[in-house]
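**Q** Sending over input.cif (mmCIF, C-alpha atoms).
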data_final
#
loop_
_atom_site.label_atom_id
_atom_site.label_comp_id
_atom_site.auth_asym_id
_atom_site.auth_seq_id
_atom_site.Cartn_x
_atom_site.Cartn_y
_atom_site.Cartn_z
CA MET A 28 0.00 0.00 0.00
CA VAL A 29 1.33 3.44 -0.89
CA ARG A 30 0.09 6.10 1.52
CA GLU A 31 -1.04 9.50 0.38
CA LEU A 32 2.02 11.69 0.67
CA THR A 33 2.60 15.43 0.63
CA ALA A 34 5.07 16.92 -1.84
CA LYS A 35 7.65 16.96 0.93
CA GLY A 36 6.79 13.37 1.75
CA TRP A 37 7.36 12.32 -1.85
CA ALA A 38 10.71 14.12 -1.84
CA THR A 39 11.79 12.22 1.27
CA ARG A 40 10.59 8.93 -0.19
CA GLU A 41 12.49 9.67 -3.42
CA ARG A 42 15.65 10.45 -1.43
CA ILE A 43 15.41 7.07 0.32
CA VAL A 44 14.82 5.23 -2.96
CA GLU A 45 17.71 6.97 -4.70
CA GLY A 46 20.05 6.29 -1.79
CA ALA A 47 18.99 2.66 -1.65
CA ALA A 48 19.49 2.33 -5.41
CA ARG A 49 23.05 3.68 -5.14
CA LEU A 50 23.85 1.38 -2.22
CA LEU A 51 22.35 -1.68 -3.93
CA ARG A 52 24.26 -0.95 -7.15
CA GLU A 53 27.52 -0.70 -5.21
CA HIS A 54 27.21 -3.72 -2.96
CA GLY A 55 24.56 -5.96 -4.54
CA VAL A 56 21.07 -6.79 -3.30
CA ALA A 57 22.17 -9.76 -1.21
CA ALA A 58 24.71 -7.79 0.85
CA VAL A 59 22.61 -4.74 1.81
CA THR A 60 20.31 -4.67 4.86
CA LEU A 61 17.54 -2.25 5.73
CA ASP A 62 19.81 -0.90 8.47
CA ASP A 63 22.51 -0.15 5.86
CA ILE A 64 19.94 1.77 3.82
CA ARG A 65 18.70 3.62 6.89
CA ALA A 66 22.22 4.61 7.91
CA ASP A 67 23.21 5.65 4.41
CA THR A 68 20.08 7.72 3.79
CA ARG A 69 19.87 9.04 7.41
CA THR A 70 16.38 7.67 7.81
CA SER A 71 14.83 6.61 11.10
CA LYS A 72 13.06 3.28 11.56
CA SER A 73 9.70 5.02 11.92
CA GLN A 74 10.32 7.08 8.76
CA LEU A 75 11.19 3.96 6.78
CA PHE A 76 8.07 2.26 8.10
CA HIS A 77 6.02 5.34 7.21
CA TYR A 78 7.08 5.22 3.55
CA PHE A 79 7.38 1.44 3.18
CA PRO A 80 4.94 -0.11 5.67
CA ASP A 81 5.07 -3.48 3.90
CA GLY A 82 8.80 -3.85 4.50
CA LYS A 83 11.92 -4.56 2.50
CA ASP A 84 10.25 -5.99 -0.61
CA GLN A 85 8.16 -2.85 -0.95
CA LEU A 86 11.32 -0.74 -0.83
CA LEU A 87 13.10 -3.05 -3.30
CA LEU A 88 10.15 -2.78 -5.69
CA ALA A 89 10.29 1.01 -5.43
CA VAL A 90 14.01 0.85 -6.26
CA ALA A 91 13.22 -1.51 -9.16
CA GLY A 92 10.73 1.06 -10.50
CA TYR A 93 13.41 3.71 -10.18
CA GLU A 94 15.91 1.50 -12.04
CA ALA A 95 13.34 0.81 -14.77
CA ASP A 96 12.93 4.57 -15.26
CA ARG A 97 16.71 4.88 -15.52
CA VAL A 98 16.84 2.28 -18.31
CA LEU A 99 14.80 4.67 -20.45
CA GLU A 100 16.39 7.89 -19.12
CA ASP A 101 19.84 6.56 -20.02
CA GLN A 102 18.68 6.42 -23.66
CA GLN A 103 17.65 10.08 -23.72
CA PRO A 104 17.49 12.50 -25.36
CA TYR A 105 17.58 10.18 -28.39
CA LEU A 106 14.94 7.59 -27.52
CA GLY A 107 12.34 10.32 -27.03
CA ARG A 108 13.08 11.99 -30.37
CA LEU A 109 13.90 9.36 -32.98
CA ASP A 110 12.80 11.63 -35.83
CA SER A 111 15.90 11.43 -38.03
CA TRP A 112 18.31 8.68 -39.11
CA GLU A 113 21.02 10.58 -37.24
CA ALA A 114 18.96 10.30 -34.02
CA TRP A 115 18.54 6.57 -34.59
CA ARG A 116 22.29 6.20 -35.09
CA ARG A 117 23.08 8.09 -31.90
CA TRP A 118 20.46 6.18 -29.95
CA ARG A 119 21.97 2.90 -31.14
CA ASP A 120 25.41 4.01 -29.95
CA VAL A 121 24.04 5.07 -26.54
CA VAL A 122 22.29 1.71 -26.03
CA VAL A 123 25.43 -0.25 -26.93
CA ALA A 124 27.61 1.94 -24.69
CA ARG A 125 25.19 1.73 -21.76
CA TYR A 126 25.03 -2.05 -21.76
CA GLU A 127 28.72 -2.56 -22.50
CA GLU A 128 29.51 -0.36 -19.51
CA GLN A 129 27.01 -2.26 -17.36
CA GLY A 130 28.68 -5.53 -18.35
CA ASP A 131 27.48 -8.73 -16.78
CA HIS A 132 25.52 -7.11 -13.95
CA CYS A 133 21.95 -5.85 -14.29
CA PRO A 134 20.72 -3.83 -11.27
CA LEU A 135 17.06 -4.08 -12.33
CA GLY A 136 17.30 -7.82 -12.97
CA SER A 137 18.89 -8.47 -9.57
CA LEU A 138 16.15 -6.54 -7.78
CA LEU A 139 13.36 -8.34 -9.63
CA LEU A 140 15.02 -11.65 -8.90
CA GLN A 141 15.17 -10.78 -5.20
CA VAL A 142 11.48 -9.91 -4.88
CA GLY A 143 10.50 -12.76 -7.21
CA ARG A 144 10.13 -12.25 -10.95
CA THR A 145 6.66 -13.73 -11.04
CA THR A 146 5.21 -11.57 -8.26
CA PRO A 147 2.59 -9.08 -9.50
CA GLY A 148 4.72 -6.09 -8.50
CA ALA A 149 7.79 -7.31 -10.41
CA ARG A 150 5.73 -8.24 -13.45
CA ALA A 151 4.06 -4.83 -13.51
CA ILE A 152 7.45 -3.10 -13.59
CA VAL A 153 8.77 -5.30 -16.42
CA VAL A 154 5.59 -5.08 -18.49
CA GLY A 155 5.43 -1.30 -17.97
CA LEU A 156 9.06 -0.85 -18.98
CA LEU A 157 8.64 -2.96 -22.13
CA ARG A 158 5.47 -1.09 -23.07
CA ARG A 159 6.99 2.37 -22.67
CA TRP A 160 10.16 1.31 -24.50
CA GLN A 161 8.20 -0.08 -27.43
CA GLU A 162 5.96 2.99 -27.56
CA ASP A 163 9.03 5.23 -27.83
CA LEU A 164 10.42 3.10 -30.66
CA ALA A 165 7.06 3.11 -32.44
CA ALA A 166 6.78 6.89 -31.99
CA GLY A 167 10.20 7.26 -33.62
CA ILE A 168 9.18 5.13 -36.61
CA ARG A 169 5.98 7.16 -36.95
CA ALA A 170 7.99 10.38 -36.83
CA LEU A 171 10.01 9.13 -39.82
CA GLN A 172 6.74 8.29 -41.57
CA SER A 173 5.37 11.78 -40.87
CA GLY A 174 8.57 13.26 -42.24
CA GLY A 175 8.13 11.26 -45.42
CA GLN A 176 11.26 9.20 -44.80
CA LEU A 177 9.38 5.93 -44.31
CA PRO A 178 6.34 4.72 -46.27
CA ALA A 179 2.98 5.17 -44.54
CA GLY A 180 2.15 1.49 -45.01
CA LEU A 181 5.09 0.21 -42.96
CA ASP A 182 4.11 -2.15 -40.10
CA VAL A 183 5.23 0.11 -37.25
CA ASP A 184 4.38 -2.25 -34.40
CA ALA A 185 6.13 -5.24 -35.99
CA HIS A 186 9.32 -3.22 -36.49
CA ALA A 187 9.19 -1.81 -32.94
CA ALA A 188 8.46 -5.27 -31.45
CA SER A 189 11.28 -6.91 -33.37
CA LEU A 190 13.75 -4.20 -32.36
CA LEU A 191 12.73 -4.47 -28.72
CA ALA A 192 13.08 -8.27 -28.82
CA GLY A 193 16.54 -7.93 -30.36
CA ILE A 194 17.64 -5.50 -27.64
CA GLN A 195 16.27 -7.70 -24.84
CA GLY A 196 17.94 -10.77 -26.29
CA GLY A 197 21.17 -8.94 -27.01
CA VAL A 198 21.33 -7.74 -23.40
CA THR A 199 20.44 -11.21 -22.08
CA ILE A 200 23.28 -12.71 -24.09
CA LEU A 201 25.64 -9.91 -22.99
CA LEU A 202 24.78 -10.70 -19.36
CA ALA A 203 25.55 -14.39 -19.95
CA THR A 204 28.65 -14.09 -22.13
CA GLY A 205 30.04 -10.61 -21.48
CA GLU A 206 30.00 -9.91 -25.22
CA SER A 207 27.92 -7.29 -27.03
CA VAL A 208 28.15 -8.72 -30.54
CA HIS A 209 24.53 -9.93 -30.48
CA LEU A 210 23.18 -6.62 -29.15
CA ARG A 211 25.07 -4.77 -31.89
CA ALA A 212 23.89 -7.17 -34.59
CA ALA A 213 20.26 -6.91 -33.47
CA LEU A 214 20.30 -3.11 -33.34
CA ASP A 215 22.06 -2.80 -36.69
CA GLN A 216 19.73 -5.26 -38.37
CA GLY A 217 16.61 -3.70 -36.83
CA ILE A 218 17.60 -0.18 -37.90
CA GLY A 219 18.82 -1.59 -41.21
CA ALA A 220 15.37 -3.07 -41.81
CA LEU A 221 13.91 0.42 -41.38
CA ARG A 222 16.50 2.02 -43.65
CA GLY A 223 15.86 -0.70 -46.20
CA ALA A 224 12.22 0.39 -46.29
CA ALA A 225 13.11 4.07 -46.55
CA VAL A 226 11.57 6.33 -49.15
CA PRO A 227 14.40 7.60 -51.39
CA GLY A 228 14.91 11.28 -50.62
CA PRO A 229 15.68 14.03 -53.14
CA VAL A 230 19.35 14.04 -52.08
CA ALA A 231 19.98 10.47 -50.97
CA ALA A 232 18.34 8.82 -54.00
CA MET B 12 33.76 -34.00 -10.77
CA VAL B 13 32.31 -36.54 -13.19
CA ARG B 14 33.61 -40.05 -12.58
CA GLU B 15 34.64 -42.31 -15.41
CA LEU B 16 31.58 -44.38 -16.15
CA THR B 17 30.98 -47.54 -18.11
CA ALA B 18 28.34 -47.57 -20.85
CA LYS B 19 25.94 -49.13 -18.37
CA GLY B 20 26.87 -46.48 -15.83
CA TRP B 21 26.10 -43.71 -18.32
CA ALA B 22 22.75 -45.30 -19.08
CA THR B 23 21.86 -45.36 -15.38
CA ARG B 24 23.00 -41.76 -14.95
CA GLU B 25 20.93 -40.76 -17.99
CA ARG B 26 17.88 -42.53 -16.53
CA ILE B 27 18.23 -40.57 -13.28
CA VAL B 28 18.68 -37.25 -15.13
CA GLU B 29 15.66 -37.90 -17.36
CA GLY B 30 13.50 -38.88 -14.42
CA ALA B 31 14.61 -35.86 -12.44
CA ALA B 32 13.89 -33.59 -15.43
CA ARG B 33 10.35 -34.95 -15.73
CA LEU B 34 9.72 -34.53 -12.00
CA LEU B 35 11.16 -31.00 -11.93
CA ARG B 36 9.07 -29.97 -14.94
CA GLU B 37 5.93 -31.27 -13.26
CA HIS B 38 6.39 -29.86 -9.78
CA GLY B 39 8.99 -27.08 -10.07
CA VAL B 40 12.54 -26.96 -8.78
CA ALA B 41 11.60 -25.54 -5.38
CA ALA B 42 9.18 -28.36 -4.53
CA VAL B 43 11.28 -31.41 -5.42
CA THR B 44 13.75 -33.03 -3.00
CA LEU B 45 16.55 -35.49 -3.68
CA ASP B 46 14.42 -38.13 -1.92
CA ASP B 47 11.57 -37.45 -4.39
CA ILE B 48 13.98 -37.96 -7.27
CA ARG B 49 15.37 -41.16 -5.69
CA ALA B 50 11.91 -42.58 -5.16
CA ASP B 51 10.70 -41.66 -8.65
CA THR B 52 13.77 -43.03 -10.42
CA ARG B 53 14.17 -46.05 -8.06
CA THR B 54 17.71 -45.01 -7.19
CA SER B 55 19.46 -45.82 -3.92
CA LYS B 56 21.29 -43.19 -1.88
CA SER B 57 24.65 -44.78 -2.66
CA GLN B 58 23.82 -44.89 -6.39
CA LEU B 59 22.85 -41.22 -6.39
CA PHE B 60 26.08 -40.39 -4.55
CA HIS B 61 28.04 -42.50 -7.04
CA TYR B 62 26.77 -40.51 -10.01
CA PHE B 63 26.48 -37.11 -8.32
CA PRO B 64 29.09 -37.07 -5.55
CA ASP B 65 28.91 -33.27 -5.26
CA GLY B 66 25.22 -33.34 -4.36
CA LYS B 67 22.00 -31.74 -5.50
CA ASP B 68 23.51 -28.86 -7.49
CA GLN B 69 25.51 -31.32 -9.55
CA LEU B 70 22.34 -33.24 -10.36
CA LEU B 71 20.47 -30.01 -11.15
CA LEU B 72 23.28 -28.93 -13.48
CA ALA B 73 23.10 -32.30 -15.24
CA VAL B 74 19.34 -31.79 -15.66
CA ALA B 75 19.99 -28.26 -16.95
CA GLY B 76 22.37 -29.69 -19.53
CA TYR B 77 19.66 -32.19 -20.53
CA GLU B 78 17.11 -29.36 -20.82
CA ALA B 79 19.53 -27.30 -22.91
CA ASP B 80 19.86 -30.25 -25.30
CA ARG B 81 16.07 -30.43 -25.48
CA VAL B 82 15.82 -26.78 -26.50
CA LEU B 83 17.70 -27.66 -29.67
CA GLU B 84 16.16 -31.11 -30.14
CA ASP B 85 12.68 -29.58 -30.04
CA GLN B 86 13.63 -27.54 -33.12
CA GLN B 87 14.62 -30.61 -35.13
CA PRO B 88 14.66 -31.82 -37.81
CA TYR B 89 14.42 -28.26 -39.17
CA LEU B 90 17.14 -26.45 -37.21
CA GLY B 91 19.74 -28.99 -38.35
CA ARG B 92 18.80 -28.70 -42.03
CA LEU B 93 17.86 -25.10 -42.84
CA ASP B 94 18.77 -25.55 -46.50
CA SER B 95 15.56 -24.27 -48.11
CA TRP B 96 13.14 -21.41 -47.48
CA GLU B 97 10.52 -24.04 -46.74
CA ALA B 98 12.75 -25.45 -43.94
CA TRP B 99 13.18 -21.94 -42.48
CA ARG B 100 9.42 -21.43 -42.54
CA ARG B 101 8.78 -24.74 -40.77
CA TRP B 102 11.52 -24.09 -38.25
CA ARG B 103 9.99 -20.69 -37.49
CA ASP B 104 6.60 -22.32 -36.85
CA VAL B 105 8.15 -24.97 -34.58
CA VAL B 106 9.96 -22.34 -32.49
CA VAL B 107 6.81 -20.25 -32.07
CA ALA B 108 4.72 -23.32 -31.18
CA ARG B 109 7.32 -24.62 -28.70
CA TYR B 110 7.51 -21.41 -26.73
CA GLU B 111 3.80 -20.65 -26.90
CA GLU B 112 3.16 -24.11 -25.46
CA GLN B 113 5.79 -23.58 -22.78
CA GLY B 114 4.13 -20.29 -21.83
CA ASP B 115 5.45 -18.38 -18.87
CA HIS B 116 7.51 -21.21 -17.42
CA CYS B 117 11.06 -22.02 -18.55
CA PRO B 118 12.43 -25.30 -17.11
CA LEU B 119 16.01 -24.47 -18.07
CA GLY B 120 15.80 -20.95 -16.65
CA SER B 121 14.40 -22.21 -13.34
CA LEU B 122 17.21 -24.73 -12.98
CA LEU B 123 19.92 -22.19 -13.75
CA LEU B 124 18.34 -19.77 -11.30
CA GLN B 125 18.37 -22.47 -8.62
CA VAL B 126 22.06 -23.33 -8.99
CA GLY B 127 22.96 -19.66 -9.54
CA ARG B 128 23.12 -18.13 -12.98
CA THR B 129 26.61 -16.78 -12.48
CA THR B 130 28.18 -20.04 -11.32
CA PRO B 131 30.70 -21.46 -13.82
CA GLY B 132 28.59 -24.58 -14.42
CA ALA B 133 25.44 -22.59 -15.24
CA ARG B 134 27.34 -20.17 -17.44
CA ALA B 135 28.95 -23.01 -19.37
CA ILE B 136 25.53 -24.51 -20.16
CA VAL B 137 24.09 -21.17 -21.35
CA VAL B 138 27.15 -20.23 -23.40
CA GLY B 139 27.29 -23.72 -24.94
CA LEU B 140 23.60 -23.63 -25.85
CA LEU B 141 23.87 -20.18 -27.43
CA ARG B 142 26.98 -21.23 -29.38
CA ARG B 143 25.41 -24.41 -30.77
CA TRP B 144 22.15 -22.61 -31.60
CA GLN B 145 23.97 -19.87 -33.48
CA GLU B 146 26.17 -22.38 -35.31
CA ASP B 147 23.07 -24.19 -36.54
CA LEU B 148 21.54 -20.92 -37.77
CA ALA B 149 24.81 -19.93 -39.46
CA ALA B 150 25.06 -23.40 -41.07
CA GLY B 151 21.55 -22.91 -42.47
CA ILE B 152 22.45 -19.53 -43.95
CA ARG B 153 25.60 -21.03 -45.46
CA ALA B 154 23.56 -23.87 -46.94
CA LEU B 155 21.40 -21.29 -48.74
CA GLN B 156 24.58 -19.61 -49.96
CA SER B 157 25.93 -22.92 -51.25
CA GLY B 158 22.65 -23.52 -53.03
CA GLY B 159 22.95 -20.15 -54.72
CA GLN B 160 19.88 -18.77 -52.93
CA LEU B 161 21.82 -16.20 -50.92
CA PRO B 162 24.76 -14.10 -52.11
CA ALA B 163 28.22 -15.33 -51.05
CA GLY B 164 29.08 -11.93 -49.58
CA LEU B 165 26.28 -11.96 -47.00
CA ASP B 166 27.44 -11.43 -43.40
CA VAL B 167 26.42 -14.85 -42.08
CA ASP B 168 27.47 -14.32 -38.47
CA ALA B 169 25.67 -10.97 -38.17
CA HIS B 170 22.43 -12.47 -39.49
CA ALA B 171 22.72 -15.51 -37.20
CA ALA B 172 23.60 -13.35 -34.16
CA SER B 173 20.70 -10.99 -34.79
CA LEU B 174 18.24 -13.86 -35.22
CA LEU B 175 19.44 -15.52 -32.03
CA ALA B 176 19.16 -12.23 -30.10
CA GLY B 177 15.62 -11.77 -31.41
CA ILE B 178 14.62 -15.28 -30.32
CA GLN B 179 16.17 -14.85 -26.86
CA GLY B 180 14.48 -11.49 -26.39
CA GLY B 181 11.19 -12.72 -27.79
CA VAL B 182 11.21 -15.64 -25.36
CA THR B 183 12.21 -13.37 -22.46
CA ILE B 184 9.29 -11.07 -23.23
CA LEU B 185 6.96 -14.07 -23.64
CA LEU B 186 8.02 -15.30 -20.19
CA ALA B 187 7.28 -11.85 -18.72
CA THR B 188 4.06 -11.01 -20.56
CA GLY B 189 2.65 -14.34 -21.74
CA GLU B 190 2.49 -12.98 -25.30
CA SER B 191 4.42 -14.23 -28.32
CA VAL B 192 4.03 -11.17 -30.55
CA HIS B 193 7.66 -10.13 -30.06
CA LEU B 194 9.02 -13.61 -30.72
CA ARG B 195 6.97 -13.79 -33.92
CA ALA B 196 8.04 -10.32 -35.03
CA ALA B 197 11.73 -11.08 -34.39
CA LEU B 198 11.64 -14.38 -36.28
CA ASP B 199 9.69 -12.92 -39.19
CA GLN B 200 11.96 -9.92 -39.45
CA GLY B 201 15.15 -12.00 -39.13
CA ILE B 202 14.04 -14.46 -41.82
CA GLY B 203 12.66 -11.53 -43.84
CA ALA B 204 16.10 -9.92 -43.76
CA LEU B 205 17.53 -13.10 -45.30
CA ARG B 206 14.80 -13.31 -47.94
CA GLY B 207 15.35 -9.65 -48.72
CA ALA B 208 18.96 -10.48 -49.56
CA ALA B 209 17.99 -13.50 -51.68
CA VAL B 210 19.36 -14.06 -55.16
CA PRO B 211 16.38 -14.03 -57.56
CA GLY B 212 15.84 -17.59 -58.80
CA PRO B 213 14.88 -18.63 -62.34
CA VAL B 214 11.29 -19.25 -61.23
CA ALA B 215 10.79 -16.88 -58.35
CA ALA B 216 12.27 -13.84 -60.12
#
How does this structure look as C-alpha cells?

**A**
Amino acid sequence: MVRELTAKGWATRERIVEGAARLLREHGVAAVTLDDIRADTRTSKSQLFHYFPDGKDQLLLAVAGYEADRVLEDQQPYLGRLDSWEAWRRWRDVVVARYEEQGDHCPLGSLLLQVGRTTPGARAIVVGLLRRWQEDLAAGIRALQSGGQLPAGLDVDAHAASLLAGIQGGVTILLATGESVHLRAALDQGIGALRGAAVPGPVAA
Amino acid sequence: MVRELTAKGWATRERIVEGAARLLREHGVAAVTLDDIRADTRTSKSQLFHYFPDGKDQLLLAVAGYEADRVLEDQQPYLGRLDSWEAWRRWRDVVVARYEEQGDHCPLGSLLLQVGRTTPGARAIVVGLLRRWQEDLAAGIRALQSGGQLPAGLDVDAHAASLLAGIQGGVTILLATGESVHLRAALDQGIGALRGAAVPGPVAA
C-alpha cells in the first residue's frame, strides 16, 4: 500500500529510494540490509516504516521502479526523439555503450530476482518498462513516416516489437557471455530493416 | 567432478537425469527433493552419490544440460537442415509453437536460477547452448549460400547473431508477458532480412 504523501513526503521517499538504489548498485542486493539503507540515507526506523509499511520488498520494488525509469532515461534524449536517421544512429550508440559499460551485472534484474520475478509487483514493472520502450520506438518510426522518410504502409508495431526483442535478447546474451556482438547485430539489423524500407529522398536517392 | 563411467553407468546416470527432469518440470525446482527424485527413479542413496558425488547442485546442473539439449532437439529436424526457405518457414513455426506451449515457465531458466546463474557450471551450459544454436543458424544460412539462394558476400554471423538475439528477447518477453508477438516479429523480421537479400531464382524472379 502506498500512503497519500505530501510533496515533501514524496521528496523524502524519493531520497530514500535513490540512496537505496546507489547502495544496492555498489554492494549488490544480497549484501545490503535495511539498516545499511537507513544509515546511508539518514532515515529513522519510523520514517522507513512510514514510507514502506510493507517492509523490504516494498522498498526493493520502489528501487526496481526507479531502475526501470533509468533504463529509459539513459537512452535520452535520443529515444524520445527518434525523428531522423542521425537520431537513430546516436540512440543505437548510446544503447550499446550503456550495456557494454554495465557488463554482466543488471541492477534491475537483480532486484526483480530478489522480490521474485513472477510476483505481480515485479511483473508490472517489467511489463510497464517494455510497453513504454516499445511505444518510444514506435513513436520514432511514426515520426520518420510523418517526415516522409518511411512509407505510410510500414508495419510500425512489428518493427518496434522486433527491435525491442533484439535489444532484450542482445542484453540477455551480454549478461551471460560478457559480449555485445549480439546486441550490436540486433540493433544494426533492426535499424537496417527500417532504412531498407526508406523512401528515397531528393538528395539520398 | 564426473567419474569415469561404463556404458551401463552412463545409461543409469541418464535414466536418473531424465526422471529428475520430468519430475522437476511437473512440480517445479523448489518443490522437489533429492528423496523425491530417488523414489521416482528407483535409485538408492549410494547410487545417487556414485553418479552425483557433489550433491544436489551437480544433479540439477546435469538436468539443466539435458534441458539445454532439449531446447535444440525440439527444433529438429528443421534447425539442423535449414537448406531451403521451406525449412526456415517450418523451423519458425516450430519455435513459435514450442515457446507458446511452454508459456510463462522455462524449465532451463528455473534450474539455472536455482544453482545460480553466475556459477561457472550454469554459465557453461548457457554459453554452450547459445553457441550451438547460433552455429546451426549460421550453417543454415551457409547452406542457402551454397545452393545459390543467398549471395556469397552476406554477413552470415551478423544475421545468425541478430536472429538468435531476437529469439532470446522474444522468449524473455513471452516469459514476462505471456504474449508471443515479439518472438513472432523477431523471427519474421530475421528471416525476412535473409529473404530480402535472396538471389532471384529462375522461377521466383

**Q** Can you tell me, as a ChimeraX atom specification, what residues are no more than 8 Å from segment 172-181 of chain B when counting all atoms listed in the file, ignoring any on the same chain fewer than 5 positions away?

**A** /A:189-197,199-200,208-210,212-213,216 /B:141,144-145,191-195,197-198,201-202

**Q** Could you list, as a ChimeraX atom specification, every residue within 12 Å of segment 102-110 of chain A, counting all atoms listed in the file and ignoring same-chain residues fewer than 2 positions away?

**A** /A:95-100,112-126,159-177,218

**Q** So how many Å separate atom CA of Val183 of chain A and atom CA of Pro211 of chain B, to one decimal?

**A**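 One can read the atom CA of Val183 of chain A to atom CA of Pro211 of chain B distance as 27.1 Å.
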
**Q** Convert the output of the PyMOL selection byres ((chain A and resi 76) around 12) on the shown file into explicit residues, formatted as a PyMOL selection string.

**A** chain A and resi 28-30+40+43+61+65+70-75+77-83+85-86

**Q** Which is closest to chain A among B:Ala163, B:Ala169, B:Val40, B:Val210, if we use all atoms listed in the file?

**A**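 Smallest distance to chain A is found for B:Ala169.
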
**Q** Skip Val142 of chain A itself and residues of its chain fewer than 6 positions away, then list as a VMD selection string all residues within 8 Å of it, counting all atoms listed in the file.

**A** chain A and resid 84 87 to 88 149

**Q** Using all atoms of segment 174-187 of chain A listed in the file and a margin of 3 Å per side, can you give the axis-aligned box centre and edge lengths in Å to one decimal, as lines of an AutoDock Vina configuration file?

**A**
center_x = 6.7
center_y = 4.0
center_z = -39.6
size_x = 15.1
size_y = 24.5
size_z = 19.3

**Q** Specify as a tab-separated table (two decimals) with C-alpha atoms, in the frame of the given file each residue included when the PyMOL selection byres ((chain A and resi 131) around 12) is applied to this file.

**A**
chain	number	residue	atom	x	y	z
A	125	ARG	CA	25.19	1.73	-21.76
A	126	TYR	CA	25.03	-2.05	-21.76
A	127	GLU	CA	28.72	-2.56	-22.50
A	128	GLU	CA	29.51	-0.36	-19.51
A	129	GLN	CA	27.01	-2.26	-17.36
A	130	GLY	CA	28.68	-5.53	-18.35
A	132	HIS	CA	25.52	-7.11	-13.95
A	133	CYS	CA	21.95	-5.85	-14.29
A	134	PRO	CA	20.72	-3.83	-11.27
A	136	GLY	CA	17.30	-7.82	-12.97
A	137	SER	CA	18.89	-8.47	-9.57
A	198	VAL	CA	21.33	-7.74	-23.40
A	199	THR	CA	20.44	-11.21	-22.08
A	200	ILE	CA	23.28	-12.71	-24.09
A	201	LEU	CA	25.64	-9.91	-22.99
A	202	LEU	CA	24.78	-10.70	-19.36
A	203	ALA	CA	25.55	-14.39	-19.95
A	204	THR	CA	28.65	-14.09	-22.13
A	205	GLY	CA	30.04	-10.61	-21.48
A	206	GLU	CA	30.00	-9.91	-25.22
A	207	SER	CA	27.92	-7.29	-27.03
B	128	ARG	CA	23.12	-18.13	-12.98
B	129	THR	CA	26.61	-16.78	-12.48
B	134	ARG	CA	27.34	-20.17	-17.44

**Q** Calculate how many Å separate atom CA of Leu138 of chain A from atom CA of Ala91 of chain A, rounding to one decimal.

**A**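 Result for atom CA of Leu138 of chain A versus atom CA of Ala91 of chain A: 6.0 Å, one decimal.
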
**Q** Residues near Ile48 of chain B, anyone? I mean within 9 Å using only C-alpha atoms, not counting same-chain ones fewer than 2 positions away, as a PDB file with C-alpha atoms, in the coordinates of the input.

**A**
ATOM      1  CA  ILE B  27      18.230 -40.570 -13.280  1.00  0.00           C
ATOM      2  CA  GLY B  30      13.500 -38.880 -14.420  1.00  0.00           C
ATOM      3  CA  ALA B  31      14.610 -35.860 -12.440  1.00  0.00           C
ATOM      4  CA  LEU B  34       9.720 -34.530 -12.000  1.00  0.00           C
ATOM      5  CA  LEU B  35      11.160 -31.000 -11.930  1.00  0.00           C
ATOM      6  CA  VAL B  43      11.280 -31.410  -5.420  1.00  0.00           C
ATOM      7  CA  THR B  44      13.750 -33.030  -3.000  1.00  0.00           C
ATOM      8  CA  LEU B  45      16.550 -35.490  -3.680  1.00  0.00           C
ATOM      9  CA  ASP B  46      14.420 -38.130  -1.920  1.00  0.00           C
ATOM     10  CA  ALA B  50      11.910 -42.580  -5.160  1.00  0.00           C
ATOM     11  CA  ASP B  51      10.700 -41.660  -8.650  1.00  0.00           C
ATOM     12  CA  THR B  52      13.770 -43.030 -10.420  1.00  0.00           C
ATOM     13  CA  ARG B  53      14.170 -46.050  -8.060  1.00  0.00           C
ATOM     14  CA  THR B  54      17.710 -45.010  -7.190  1.00  0.00           C
TER      15      THR B  54
END

**Q** Atom CA of Gly20 of chain B and atom CA of Pro131 of chain B, how far apart in Å?

**A** 25.4 Å
